[in-house]
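Asks: Dumping the structure here so I can ask a few things about it.
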Amino acid sequence: MNSPLRGSAIAPAKPSAGAATIAADAGLYKRGMRRLASGVTIITTEHRCERFGLLSTGIASVSADPPILLTCINRSASSHDPIAHSGRFCVNVLQQGDDELAGRFSSSRYREGRFLGREWTQLATGAPALVGCLVSFDCIVNRALSAETHTVFFGSVVDVRLWSEAIEPLLYWDGSYRMSGAAPT
């Protein structure tokens with residue numbers, strides 16, 4: 001009988017012959033991923049006294065003890081290098097009604113006004129935390145892995161702020177912001 005795998009026992013998979021040239025069609029992959037509903041977050045950091053942020057649906061819990069999460073950031077994003085250099089980020093989970101704010105953080109066109117019109121504070125790391133969002137996870141980068149066009153940042157969660165008892169997340173799927181169980185907004 002095989003023993004369960006432990007963290008240090010996991011070895012990288014070895015691709016079979018010719019596997020490096022096999023890949024799903026990128027367009028079909030993107031269409032398939034649009035069917036995956038995701039929570040909408042704003043990832044923020046502060047570097048050299050300047051605030052940076054971007055919209056992301058690429059968040060996952062890694063471990064509860066100790067608390068670690070990950071976020072996948074495109075290396076071409078304006079917030080990528082500030083996160084890498086500052087070694088900190090805050091994941092701010094958006095709620096229903098935050099569509100306009102999500103739009104500001106999703107486009108470089110609105111970069112100058114991203115942090116206007118809402119209250120922001122700092123938690124333990126100094127990265128901006130959005131007051132009134134569903135929850136803010138304040139993180140220190142403990143590992144970063146390159147994955148094609150993205151960097152996967154693993155963050156040790158050093159502070160969590162539950163801003164409200166309401167749990168009405170802003171969701172994104174099939175190219176639209178949506179409410180849980182509702183039609184597109």
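Order determines the names: the first chain of the structure tokens is A, the second B, and so forth; residues in each chain are numbered 1 upward, and ligands are numbered 1 upward as they are shown.
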Mind checking which residues fall within 12 Å of His85 (chain A), counting only C-alpha atoms, ignoring those fewer than 2 positions away in the same chain, and posting them as a list in words?
Replies: Thr45, Glu46, His47, Arg48, Ser79, His80, Asp81, Pro82, Ile83, Gly87, Arg88, Phe89, Ile140, Val141, Ala144 and Phe153 of chain A
Asks: Within 7 Å of Thr151 (chain A), counting only C-alpha atoms, which residues qualify if same-chain residues fewer than 6 places away don't, as a VMD selection string?
Replies: chain A and resid 72 to 75 144 to 145
Asks: Write out as an MDAnalysis selection string each polymer residue whose atoms come within 12 Å of Pro66 (chain A), counting only C-alpha atoms; drop sequence neighbours fewer than 3 positions from it.
Replies: chainID A and resid 61:63 69 142 155:158
Asks: Hey, what's within 12 Å of Arg118 (chain A) if we count only C-alpha atoms and toss same-chain stuff fewer than 6 positions away? As a VMD selection string, please?
Replies: chain A and resid 98 100 to 101 104 128 to 133
Asks: Quick one: DSSP alpha helix (DSSP H) residues in region 18-138 of chain A, as a list in words?
Replies: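 Taking region 18-138 of chain A and keeping alpha helix (DSSP H) only, one gets Ala26, Gly27, Leu28, Tyr29, Lys30, Arg31, Gly32, Met33, His80, Asp81, Pro82, Ile83, Ala84, His85, Ser86, Asp99, Glu100, Leu101, Ala102, Gly103, Arg104, Phe105 and Ser106 of chain A.
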Asks: Restricting the output to C-alpha atoms, write the selected residues as a PDB file, in the first residue's frame.
Replies:
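As written to disk, result15.pdb reads:
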ATOM      1  CA  ALA A  26      -5.651  28.817 -26.460  1.00  0.00           C
ATOM      2  CA  GLY A  27      -8.971  30.249 -27.668  1.00  0.00           C
ATOM      3  CA  LEU A  28     -10.909  27.192 -26.564  1.00  0.00           C
ATOM      4  CA  TYR A  29      -9.081  27.240 -23.218  1.00  0.00           C
ATOM      5  CA  LYS A  30     -10.093  30.882 -22.656  1.00  0.00           C
ATOM      6  CA  ARG A  31     -13.714  30.135 -23.571  1.00  0.00           C
ATOM      7  CA  GLY A  32     -13.701  27.238 -21.131  1.00  0.00           C
ATOM      8  CA  MET A  33     -12.209  29.340 -18.334  1.00  0.00           C
ATOM      9  CA  HIS A  80       3.767  43.125 -10.729  1.00  0.00           C
ATOM     10  CA  ASP A  81       7.187  44.642 -10.061  1.00  0.00           C
ATOM     11  CA  PRO A  82       6.055  46.712  -7.057  1.00  0.00           C
ATOM     12  CA  ILE A  83       4.681  43.530  -5.448  1.00  0.00           C
ATOM     13  CA  ALA A  84       7.895  41.666  -6.231  1.00  0.00           C
ATOM     14  CA  HIS A  85      10.112  44.464  -4.878  1.00  0.00           C
ATOM     15  CA  SER A  86       8.048  45.387  -1.804  1.00  0.00           C
ATOM     16  CA  ASP A  99     -18.588  46.964 -10.379  1.00  0.00           C
ATOM     17  CA  GLU A 100     -17.434  50.547 -10.981  1.00  0.00           C
ATOM     18  CA  LEU A 101     -14.432  50.120  -8.681  1.00  0.00           C
ATOM     19  CA  ALA A 102     -13.588  46.835 -10.402  1.00  0.00           C
ATOM     20  CA  GLY A 103     -13.658  48.654 -13.741  1.00  0.00           C
ATOM     21  CA  ARG A 104     -11.169  51.258 -12.512  1.00  0.00           C
ATOM     22  CA  PHE A 105      -8.697  48.599 -11.417  1.00  0.00           C
ATOM     23  CA  SER A 106      -9.116  46.487 -14.558  1.00  0.00           C
TER      24      SER A 106
END
